[in-house]
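> The following file, my_file.txt, comprises compact mmCIF, C-alpha atoms:
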# COMPACT_ATOMS: atom_id res chain seq x y z
CA MET U 1 -17.18 -20.01 13.28
CA ALA U 2 -16.83 -23.80 13.23
CA VAL U 3 -15.07 -25.63 16.04
CA ASP U 4 -12.26 -26.90 13.79
CA ALA U 5 -11.53 -23.33 12.63
CA ARG U 6 -11.34 -22.20 16.25
CA ILE U 7 -8.91 -25.01 17.04
CA VAL U 8 -6.66 -23.98 14.13
CA LEU U 9 -6.76 -20.34 15.24
CA GLY U 10 -6.01 -21.42 18.81
CA ILE U 11 -2.88 -23.22 17.61
CA ILE U 12 -1.85 -20.18 15.55
CA ALA U 13 -2.42 -17.85 18.51
CA SER U 14 -0.33 -20.05 20.80
CA LEU U 15 2.50 -20.23 18.26
CA ALA U 16 2.40 -16.46 17.74
CA ILE U 17 2.68 -15.80 21.48
CA ILE U 18 5.40 -18.42 22.06
CA ASN U 19 7.51 -17.67 18.96
CA ASN U 20 7.40 -13.90 19.29
CA GLY U 21 7.84 -14.13 23.06
CA LEU U 22 11.07 -16.08 22.49
CA LEU U 23 12.18 -13.55 19.89
CA LEU U 24 11.55 -10.69 22.31
CA LEU U 25 13.60 -12.52 24.96
CA VAL U 26 16.44 -13.00 22.46
CA ILE U 27 16.51 -9.29 21.63
CA CYS U 28 16.19 -8.21 25.28
CA LYS U 29 19.06 -10.49 26.31
CA ASN U 30 21.24 -9.30 23.42
CA LYS U 31 20.66 -5.56 23.25
CA ALA U 32 23.66 -5.15 20.97
CA LEU U 33 21.33 -6.27 18.19
CA LEU U 34 19.42 -3.00 18.53
CA LYS U 35 22.48 -1.07 17.33
CA ILE U 36 21.38 -2.13 13.84
CA PRO U 37 18.31 -0.12 12.64
CA TYR U 38 16.92 -3.19 10.90
CA ASN U 39 16.76 -5.08 14.20
CA LYS U 40 14.71 -2.27 15.76
CA LEU U 41 12.12 -2.88 13.06
CA VAL U 42 12.33 -6.60 13.83
CA LEU U 43 11.63 -5.76 17.49
CA SER U 44 8.62 -3.63 16.54
CA LEU U 45 7.27 -6.41 14.33
CA ALA U 46 7.76 -8.99 17.10
CA ILE U 47 5.79 -6.82 19.57
CA THR U 48 3.03 -6.37 16.98
CA ASP U 49 2.80 -10.08 16.25
CA PHE U 50 2.86 -10.95 19.97
CA ILE U 51 -0.13 -8.68 20.64
CA THR U 52 -1.83 -10.11 17.55
CA GLY U 53 -1.45 -13.59 19.03
CA ILE U 54 -3.32 -12.43 22.14
CA GLY U 55 -6.01 -10.80 20.01
CA ILE U 56 -6.58 -13.99 18.01
CA PHE U 57 -8.08 -15.63 21.10
CA ASN U 58 -11.12 -13.45 20.46
CA TYR U 59 -11.85 -15.81 17.54
CA VAL U 60 -11.02 -18.91 19.59
CA ILE U 61 -13.37 -18.07 22.46
CA GLY U 62 -16.10 -17.04 20.06
CA GLN U 63 -17.36 -13.49 19.88
CA ASP U 64 -21.01 -14.46 20.35
CA SER U 65 -20.21 -16.33 23.56
CA ILE U 66 -18.77 -13.21 25.21
CA PRO U 67 -21.41 -11.19 27.11
CA ILE U 68 -21.51 -7.54 26.05
CA PRO U 69 -20.99 -5.20 29.06
CA ASP U 70 -23.41 -2.36 29.71
CA GLY U 71 -22.56 1.28 29.25
CA TRP U 72 -19.52 2.77 27.56
CA ILE U 73 -17.48 -0.39 28.13
CA GLY U 74 -19.89 -2.27 25.87
CA HIS U 75 -19.49 0.36 23.16
CA VAL U 76 -15.68 0.13 23.37
CA PHE U 77 -15.88 -3.66 23.23
CA CYS U 78 -18.04 -3.61 20.10
CA HIS U 79 -15.99 -0.95 18.31
CA VAL U 80 -12.51 -2.30 19.11
CA ILE U 81 -12.74 -6.04 19.91
CA TYR U 82 -15.89 -7.47 18.34
CA SER U 83 -15.37 -5.57 15.08
CA GLN U 84 -11.85 -7.08 14.84
CA TYR U 85 -10.47 -3.56 14.59
CA LEU U 86 -7.56 -4.30 16.94
CA VAL U 87 -6.34 -7.44 15.17
CA PHE U 88 -6.51 -6.01 11.67
CA THR U 89 -4.93 -2.70 12.74
CA LEU U 90 -2.01 -4.74 14.02
CA GLY U 91 -1.97 -6.46 10.63
CA ILE U 92 -1.60 -3.07 8.91
CA VAL U 93 1.27 -2.27 11.28
CA SER U 94 2.95 -5.52 10.17
CA VAL U 95 2.53 -4.67 6.48
CA TYR U 96 4.05 -1.19 6.85
CA THR U 97 6.84 -2.48 9.10
CA VAL U 98 7.88 -5.05 6.48
CA ALA U 99 7.83 -2.28 3.85
CA CYS U 100 10.17 -0.20 6.03
CA MET U 101 12.43 -3.21 6.54
CA ALA U 102 12.73 -3.56 2.77
CA ILE U 103 13.55 0.14 2.39
CA ASP U 104 16.16 -0.19 5.15
CA ARG U 105 17.91 -2.96 3.20
CA TRP U 106 17.74 -0.90 0.00
CA LEU U 107 19.41 2.06 1.68
CA ALA U 108 22.08 -0.19 3.19
CA VAL U 109 23.02 -1.55 -0.24
CA ALA U 110 22.14 1.22 -2.71
CA ARG U 111 23.18 4.20 -0.54
CA PRO U 112 25.85 2.66 1.71
CA THR U 113 27.81 5.86 2.36
CA LYS U 114 24.69 7.74 3.51
CA TYR U 115 22.97 4.87 5.32
CA LYS U 116 24.04 5.75 8.86
CA THR U 117 23.33 9.44 8.42
CA ILE U 118 19.84 8.75 7.03
CA LEU U 119 18.74 6.01 9.45
CA THR U 120 19.72 7.41 12.81
CA LYS U 121 18.27 5.97 16.03
CA TYR U 122 15.95 8.95 16.36
CA ARG U 123 14.62 8.60 12.80
CA VAL U 124 14.04 4.88 13.19
CA ASN U 125 12.04 5.49 16.37
CA ILE U 126 10.02 8.20 14.60
CA CYS U 127 9.46 5.80 11.69
CA VAL U 128 8.06 3.13 14.03
CA LEU U 129 5.79 5.70 15.70
CA CYS U 130 4.54 6.92 12.31
CA ILE U 131 3.78 3.34 11.25
CA TRP U 132 1.49 2.90 14.26
CA ILE U 133 -0.22 6.26 13.76
CA ILE U 134 -0.81 5.65 10.04
CA SER U 135 -2.15 2.15 10.70
CA VAL U 136 -4.59 3.38 13.36
CA LEU U 137 -5.83 6.17 11.08
CA LEU U 138 -6.20 3.92 8.02
CA ASN U 139 -8.38 1.51 9.94
CA THR U 140 -10.35 4.16 11.85
CA PRO U 141 -13.47 3.87 9.59
CA HIS U 142 -13.72 0.24 10.72
CA LEU U 143 -14.36 1.49 14.26
CA PHE U 144 -17.67 3.01 13.21
CA GLU U 145 -18.96 -0.03 11.32
CA MET U 146 -20.08 -1.60 14.60
CA LYS U 147 -22.16 -0.37 17.52
CA ALA U 148 -23.65 -1.67 20.74
CA ALA U 149 -27.46 -1.86 20.70
CA ALA U 150 -30.23 -3.46 22.73
CA GLY U 151 -31.19 -6.89 21.47
CA PRO U 152 -33.94 -9.37 22.41
CA GLY U 153 -34.77 -9.12 26.09
CA ASN U 154 -32.98 -5.76 26.24
CA ILE U 155 -29.65 -7.63 26.26
CA PRO U 156 -26.79 -5.59 24.72
CA GLN U 157 -25.36 -6.94 21.48
CA CYS U 158 -23.01 -5.72 18.76
CA LYS U 159 -24.51 -4.85 15.36
CA TRP U 160 -22.88 -3.99 12.04
CA ILE U 161 -23.59 -0.61 10.45
CA VAL U 162 -23.38 0.20 6.74
CA LEU U 163 -21.64 3.57 6.55
CA THR U 164 -21.55 4.00 2.76
CA GLU U 165 -23.52 2.61 -0.15
CA GLY U 166 -23.29 2.44 -3.92
CA VAL U 167 -20.37 4.14 -5.66
CA ALA U 168 -19.09 5.72 -2.44
CA ARG U 169 -18.80 2.27 -0.83
CA MET U 170 -16.78 0.99 -3.79
CA ILE U 171 -14.45 4.00 -3.79
CA VAL U 172 -13.82 3.68 -0.05
CA ALA U 173 -13.16 -0.06 -0.50
CA VAL U 174 -10.50 0.58 -3.17
CA VAL U 175 -8.85 3.31 -1.08
CA GLU U 176 -8.74 0.99 1.93
CA PHE U 177 -7.31 -1.88 -0.11
CA MET U 178 -4.61 0.36 -1.59
CA GLY U 179 -3.67 2.07 1.67
CA LYS U 180 -3.88 -0.87 4.06
CA PHE U 181 -2.13 -3.49 1.97
CA PHE U 182 -1.39 -3.00 -1.72
CA LEU U 183 0.76 0.16 -1.75
CA PRO U 184 3.08 -0.80 1.15
CA PHE U 185 3.38 -4.35 -0.16
CA LEU U 186 4.08 -3.02 -3.66
CA ALA U 187 6.79 -0.74 -2.25
CA ALA U 188 8.39 -3.67 -0.44
CA SER U 189 8.21 -5.91 -3.51
CA VAL U 190 9.67 -3.32 -5.91
CA THR U 191 12.44 -2.60 -3.41
CA MET U 192 13.30 -6.28 -3.09
CA ILE U 193 13.33 -6.77 -6.87
CA SER U 194 15.61 -3.74 -7.26
CA LEU U 195 17.97 -5.10 -4.60
CA HIS U 196 18.02 -8.54 -6.20
CA ARG U 197 19.05 -7.04 -9.54
CA ARG U 198 21.68 -4.87 -7.89
CA VAL U 199 23.20 -7.81 -6.04
CA LYS U 200 23.11 -9.96 -9.17
CA SER U 201 24.90 -7.31 -11.27
CA SER U 202 27.47 -6.38 -8.59
CA GLN U 203 28.36 -9.71 -7.03
CA ALA U 204 31.96 -8.64 -6.37
CA LEU U 205 30.69 -6.19 -3.74
CA PHE U 206 29.18 -9.04 -1.72
CA ARG U 207 31.96 -11.63 -1.82
CA SER U 208 33.65 -10.46 1.33
CA ASN U 209 32.79 -12.03 4.66
CA ARG U 210 30.50 -9.23 5.86
CA GLY U 211 29.04 -8.78 2.41
CA GLN U 212 27.91 -12.40 2.54
CA ALA U 213 26.35 -11.71 5.93
CA GLY U 214 24.48 -8.82 4.37
CA LEU U 215 23.15 -11.15 1.69
CA ARG U 216 21.75 -13.42 4.39
CA LEU U 217 19.97 -10.48 6.00
CA LEU U 218 18.66 -9.47 2.58
CA ARG U 219 17.32 -12.98 1.93
CA MET U 220 15.61 -12.91 5.32
CA CYS U 221 13.85 -9.67 4.37
CA MET U 222 12.86 -11.05 0.95
CA LEU U 223 11.38 -14.18 2.52
CA THR U 224 9.49 -12.11 5.10
CA THR U 225 8.03 -9.94 2.33
CA LEU U 226 7.00 -12.97 0.25
CA ILE U 227 5.27 -14.69 3.16
CA LEU U 228 3.48 -11.46 4.07
CA GLY U 229 2.02 -11.21 0.56
CA VAL U 230 0.93 -14.85 0.47
CA CYS U 231 -0.76 -14.59 3.88
CA TRP U 232 -2.51 -11.24 3.53
CA PHE U 233 -3.46 -10.89 -0.13
CA PRO U 234 -6.33 -13.46 -0.16
CA ASN U 235 -8.07 -11.83 2.82
CA GLN U 236 -7.66 -8.28 1.56
CA LEU U 237 -8.92 -9.24 -1.90
CA SER U 238 -11.85 -11.11 -0.37
CA TYR U 239 -12.79 -8.08 1.75
CA LEU U 240 -12.56 -5.81 -1.31
CA LEU U 241 -14.88 -8.11 -3.26
CA PHE U 242 -17.26 -8.18 -0.28
CA LYS U 243 -17.54 -4.40 -0.47
CA TYR U 244 -18.52 -4.84 -4.12
CA GLY U 245 -21.14 -7.43 -3.17
CA LEU U 246 -19.29 -10.28 -4.92
CA THR U 247 -18.42 -12.37 -1.84
CA GLN U 248 -19.79 -12.97 1.64
CA LEU U 249 -18.19 -12.84 5.06
CA ASP U 250 -18.48 -15.53 7.72
CA THR U 251 -18.07 -18.36 5.20
CA PRO U 252 -15.54 -21.23 5.31
CA MET U 253 -13.44 -19.48 2.63
CA HIS U 254 -13.48 -16.22 4.57
CA HIS U 255 -12.47 -18.04 7.75
CA PHE U 256 -9.59 -19.64 5.82
CA THR U 257 -8.30 -16.24 4.67
CA VAL U 258 -8.52 -14.93 8.25
CA ALA U 259 -6.54 -17.92 9.53
CA LEU U 260 -3.95 -17.30 6.82
CA CYS U 261 -3.58 -13.67 7.94
CA MET U 262 -3.18 -14.67 11.56
CA PHE U 263 -0.66 -17.37 10.61
CA ASN U 264 1.66 -14.63 9.38
CA SER U 265 2.06 -13.39 12.96
CA SER U 266 3.46 -16.76 14.07
CA ILE U 267 5.83 -17.53 11.19
CA ASN U 268 8.18 -14.52 11.20
CA PRO U 269 10.40 -15.66 14.13
CA ILE U 270 10.81 -19.03 12.39
CA VAL U 271 11.90 -17.20 9.21
CA TYR U 272 14.51 -15.26 11.19
CA CYS U 273 15.78 -18.43 12.81
CA ILE U 274 16.10 -20.29 9.51
CA SER U 275 17.58 -17.53 7.37
CA ASN U 276 19.71 -15.55 9.84
CA LYS U 277 22.65 -17.12 11.65
CA THR U 278 22.69 -14.51 14.41
CA TYR U 279 19.09 -15.13 15.48
CA ARG U 280 19.46 -18.88 15.05
CA ARG U 281 22.41 -19.08 17.41
CA TYR U 282 20.84 -16.79 20.00
CA PHE U 283 17.70 -18.94 19.88
CA MET U 284 19.89 -21.99 20.50
CA ILE U 285 21.54 -20.31 23.48
CA LEU U 286 18.11 -19.40 24.89
CA LEU U 287 16.48 -22.80 24.33
CA CYS U 288 19.51 -25.03 24.95
CA PRO U 289 21.55 -23.65 27.86
CA ARG U 290 23.89 -26.67 27.79
CA PHE U 291 25.17 -25.51 24.40
CA LYS U 292 25.77 -21.96 25.65
CA GLU U 293 29.46 -22.42 26.44
CA ARG U 294 30.04 -24.17 23.13
CA LEU U 295 28.41 -21.36 21.18
CA ILE U 296 30.10 -18.60 23.14
CA ALA U 297 33.42 -20.33 22.45
CA THR U 298 32.92 -19.54 18.77
CA ASP U 299 33.34 -15.85 19.73
CA LEU U 300 29.84 -14.79 18.79
CA THR U 301 29.10 -11.31 20.05
CA GLY U 302 26.32 -8.98 19.00
CA SER U 303 26.35 -8.15 15.32
CA GLU U 304 29.50 -10.25 14.64
CA ALA U 305 27.70 -13.54 14.96
CA VAL U 306 26.65 -13.73 11.35
CA ASN U 307 30.15 -12.97 10.09
CA THR U 308 32.24 -15.57 11.97
CA ILE U 309 32.02 -18.44 9.50
CA PHE U 310 32.64 -16.15 6.54
CA ASP U 311 35.70 -14.69 8.28
CA ARG U 312 37.17 -18.19 8.48
CA ILE U 313 36.38 -18.88 4.84
CA SER U 314 37.92 -15.60 3.72
CA LYS U 315 41.24 -16.51 5.37
CA ALA U 316 41.50 -19.57 3.19
CA ARG U 317 40.20 -17.89 0.01
CA PRO U 318 41.71 -14.69 -1.42
CA GLU U 319 39.40 -11.76 -2.07
CA PRO U 320 38.62 -11.06 -5.76
CA ARG U 321 40.17 -7.96 -7.24
CA ILE U 322 37.84 -5.02 -7.63
CA SER U 323 38.35 -1.40 -8.51
CA VAL U 324 39.15 1.25 -5.88
CA ALA U 325 35.66 2.76 -6.26
CA ASN U 326 33.99 -0.61 -5.83
CA ALA U 327 36.23 -1.36 -2.85
CA ILE U 328 35.06 1.83 -1.10
CA GLN U 329 31.41 0.98 -1.83
CA ALA U 330 31.94 -2.61 -0.71
CA ARG U 331 33.28 -1.45 2.67
CA ALA U 332 30.29 0.83 3.12
CA VAL U 333 27.91 -2.01 2.24
CA GLU U 334 29.67 -4.29 4.73
CA ARG U 335 29.25 -1.80 7.54
CA ASN U 336 25.56 -1.32 6.79
CA THR U 337 24.60 -4.95 6.25
CA LYS U 338 26.40 -6.65 9.09
CA GLY U 339 24.16 -8.15 11.73
As structure tokens, what does this structure read like?


Amino acid sequence: MAVDARIVLGIIASLAIINNGLLLLVICKNKALLKIPYNKLVLSLAITDFITGIGIFNYVIGQDSIPIPDGWIGHVFCHVIYSQYLVFTLGIVSVYTVACMAIDRWLAVARPTKYKTILTKYRVNICVLCIWIISVLLNTPHLFEMKAAAGPGNIPQCKWIVLTEGVARMIVAVVEFMGKFFLPFLAASVTMISLHRRVKSSQALFRSNRGQAGLRLLRMCMLTTLILGVCWFPNQLSYLLFKYGLTQLDTPMHHFTVALCMFNSSINPIVYCISNKTYRRYFMILLCPRFKERLIATDLTGSEAVNTIFDRISKARPEPRISVANAIQARAVERNTKG
């Protein structure tokens, strides 16, 4: 990999560690955020992206410049680190986490009365655990595409192995593309489109102060999903075409797609800060202590932070009239989307 590509990846790795580290501090200092199931998924994604940032330094240092240890440690290094299994498994975790975040928002809006009974704390924790297990299993074949072998001068080195050939290789490539990226991303995209149509056709349900806060959280999820697709699709398509013998790895274009994937791990906290008032204000408190008293004076606590401004607006502007049925649904949506 060229020096300029390593520099770019080094910057991305640093941003991923710093941005997600700050996000983790924000959540740890304001544990009331974790009362919302969506924020537990945000926490899981932040941990994933933070570890990804550390893993990116494997590219920055240069895999070929790292001496391969002898024995079983060398085999583990080749299978997990050199093969990029760790980094791309974390990427799969990110894709599935974003898909679950989209489904969470859909349940909060489309099934407001059942939201809290469906997404209990226990089920959210099980969901996060299942995401990690599924991601590890989906990328398991990648572990066996690399092995440690004796090179010139009997020096250990990592070598690629072709596990499948011909039609079997193409079938496995399609299954991997569908399972690792396309299906979860499709689920997230369809969910977001469905939510957008629902919000557009039932705007009266979202005109209250907390309903507006829910819209902000929904926009944050939509933007996260869009950025995920833009960052990951080129690399996954390129790898699929490589399996078909139509492209090559270790080219400038391939390095660009890898950098784009890794960039996704550094951008999510910025998305939260821009599109969500709660995270933005907690970031300000963390980074600018002198503004802490000023921000606390606005009576921002836990999940109420996002609703404060809209509460003030609603006092000066009467609520639109809606039917009794819509009013009940609106209250349920408000409870599920606050935060």

> Take the point (-0.5, -6.1, 10.8) in the file's coordinates, draw a sphere of radius 12 Å around it, and report as a ChimeraX atom specification every protein, DNA or RNA residue with an atom inside or on it, counting only C-alpha atoms.

/U:44-53,55,85-99,131-132,134-136,138-139,180-181,184-185,228-229,231-232,236,261-266

> Could you state the separation of CA of Leu240 (chain U) and CA of Phe177 (chain U) in Å, given to one decimal place?

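Distance between the two atoms: 6.7 Å.
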
> Have a look at U:Tyr279, U:Ile68, U:Phe242, U:Ala13 and name the one nearest to Asn154 (chain U); count all atoms listed in the file.

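Under the stated criterion, the closest residue is U:Ile68.
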
> What separation in Å, quoted to one decimal, exists between CA of Cys273 (chain U) and CA of Pro37 (chain U)?

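Atom-to-atom, CA of Cys273 (chain U) to CA of Pro37 (chain U), that is 18.5 Å.
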
> List the neighbours of region 222-227 of chain U out to 10 Å using all atoms listed in the file; skip same-chain residues closer than 5 positions along the sequence, and give me the result as a list in words.

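Here the qualifying residues turn out to be Val95, Val98, Ala99, Met101, Ala102, Arg105, Phe185, Leu186, Ala188, Ser189, Thr191, Met192, Ile193, Leu195, His196, Arg216, Leu217, Trp232, Phe263, Asn264, Ile267, Asn268, Pro269, Val271, Tyr272 and Ser275 of chain U.
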
> Taking only all heavy atoms, show region 68-80 of chain U of the given structure as a compact mmCIF listing (two decimals), in the first residue's frame.


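Just written: decode-v2.txt:
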# COMPACT_ATOMS: atom_id res chain seq x y z
N ILE U 68 6.26 -12.07 11.38
CA ILE U 68 5.30 -13.10 11.73
C ILE U 68 5.88 -13.97 12.85
O ILE U 68 6.96 -14.54 12.69
CB ILE U 68 4.95 -13.99 10.52
CG1 ILE U 68 4.60 -13.12 9.30
CG2 ILE U 68 3.82 -14.94 10.87
CD1 ILE U 68 3.42 -12.21 9.53
N PRO U 69 5.21 -14.06 14.01
CA PRO U 69 5.73 -14.89 15.11
C PRO U 69 5.73 -16.36 14.73
O PRO U 69 5.00 -16.80 13.85
CB PRO U 69 4.74 -14.61 16.26
CG PRO U 69 4.00 -13.36 15.86
CD PRO U 69 3.97 -13.36 14.36
N ASP U 70 6.55 -17.11 15.42
CA ASP U 70 6.60 -18.57 15.22
C ASP U 70 5.46 -19.24 15.98
O ASP U 70 4.86 -18.67 16.89
CB ASP U 70 7.94 -19.13 15.70
CG ASP U 70 9.10 -18.65 14.83
OD1 ASP U 70 8.91 -18.54 13.61
OD2 ASP U 70 10.18 -18.38 15.40
N GLY U 71 5.19 -20.47 15.60
CA GLY U 71 4.22 -21.27 16.34
C GLY U 71 2.78 -20.87 16.11
O GLY U 71 2.43 -20.25 15.10
N TRP U 72 1.94 -21.22 17.09
CA TRP U 72 0.50 -20.98 16.96
C TRP U 72 0.17 -19.50 16.94
O TRP U 72 -0.86 -19.09 16.36
CB TRP U 72 -0.23 -21.68 18.10
CG TRP U 72 0.06 -21.12 19.47
CD1 TRP U 72 1.04 -21.51 20.32
CD2 TRP U 72 -0.65 -20.06 20.13
NE1 TRP U 72 1.01 -20.77 21.48
CE2 TRP U 72 -0.03 -19.88 21.38
CE3 TRP U 72 -1.73 -19.27 19.79
CZ2 TRP U 72 -0.46 -18.92 22.30
CZ3 TRP U 72 -2.18 -18.31 20.70
CH2 TRP U 72 -1.55 -18.14 21.94
N ILE U 73 1.01 -18.67 17.56
CA ILE U 73 0.75 -17.23 17.55
C ILE U 73 0.82 -16.70 16.12
O ILE U 73 0.03 -15.84 15.71
CB ILE U 73 1.76 -16.48 18.45
CG1 ILE U 73 1.62 -16.94 19.90
CG2 ILE U 73 1.56 -14.98 18.34
CD1 ILE U 73 2.60 -16.28 20.85
N GLY U 74 1.76 -17.22 15.33
CA GLY U 74 1.87 -16.81 13.94
C GLY U 74 0.64 -17.20 13.14
O GLY U 74 0.17 -16.44 12.29
N HIS U 75 0.10 -18.39 13.42
CA HIS U 75 -1.11 -18.84 12.72
C HIS U 75 -2.29 -17.94 13.07
O HIS U 75 -3.07 -17.56 12.19
CB HIS U 75 -1.41 -20.29 13.10
CG HIS U 75 -0.49 -21.28 12.48
ND1 HIS U 75 -0.58 -21.69 11.16
CD2 HIS U 75 0.59 -21.95 12.99
CE1 HIS U 75 0.36 -22.57 10.89
NE2 HIS U 75 1.10 -22.74 11.98
N VAL U 76 -2.43 -17.60 14.35
CA VAL U 76 -3.52 -16.71 14.78
C VAL U 76 -3.36 -15.34 14.12
O VAL U 76 -4.34 -14.75 13.65
CB VAL U 76 -3.54 -16.57 16.31
CG1 VAL U 76 -4.53 -15.50 16.74
CG2 VAL U 76 -3.88 -17.91 16.96
N PHE U 77 -2.13 -14.85 14.07
CA PHE U 77 -1.88 -13.54 13.46
C PHE U 77 -2.30 -13.54 11.99
O PHE U 77 -2.96 -12.60 11.52
CB PHE U 77 -0.40 -13.17 13.59
CG PHE U 77 -0.04 -11.88 12.91
CD1 PHE U 77 -0.22 -10.67 13.55
CD2 PHE U 77 0.48 -11.87 11.61
CE1 PHE U 77 0.11 -9.47 12.92
CE2 PHE U 77 0.81 -10.69 10.98
CZ PHE U 77 0.62 -9.49 11.64
N CYS U 78 -1.92 -14.57 11.27
CA CYS U 78 -2.25 -14.64 9.84
C CYS U 78 -3.76 -14.76 9.62
O CYS U 78 -4.32 -14.08 8.76
CB CYS U 78 -1.54 -15.82 9.17
SG CYS U 78 0.25 -15.59 8.99
N HIS U 79 -4.41 -15.62 10.40
CA HIS U 79 -5.84 -15.86 10.22
C HIS U 79 -6.69 -14.66 10.61
O HIS U 79 -7.67 -14.34 9.92
CB HIS U 79 -6.27 -17.08 11.04
CG HIS U 79 -5.80 -18.38 10.49
ND1 HIS U 79 -6.12 -18.81 9.22
CD2 HIS U 79 -5.02 -19.36 11.02
CE1 HIS U 79 -5.58 -19.99 9.00
NE2 HIS U 79 -4.89 -20.35 10.07
N VAL U 80 -6.34 -13.97 11.69
CA VAL U 80 -7.20 -12.93 12.26
C VAL U 80 -6.77 -11.53 11.84
O VAL U 80 -7.62 -10.71 11.44
CB VAL U 80 -7.24 -13.04 13.79
CG1 VAL U 80 -8.11 -11.93 14.39
CG2 VAL U 80 -7.76 -14.40 14.22
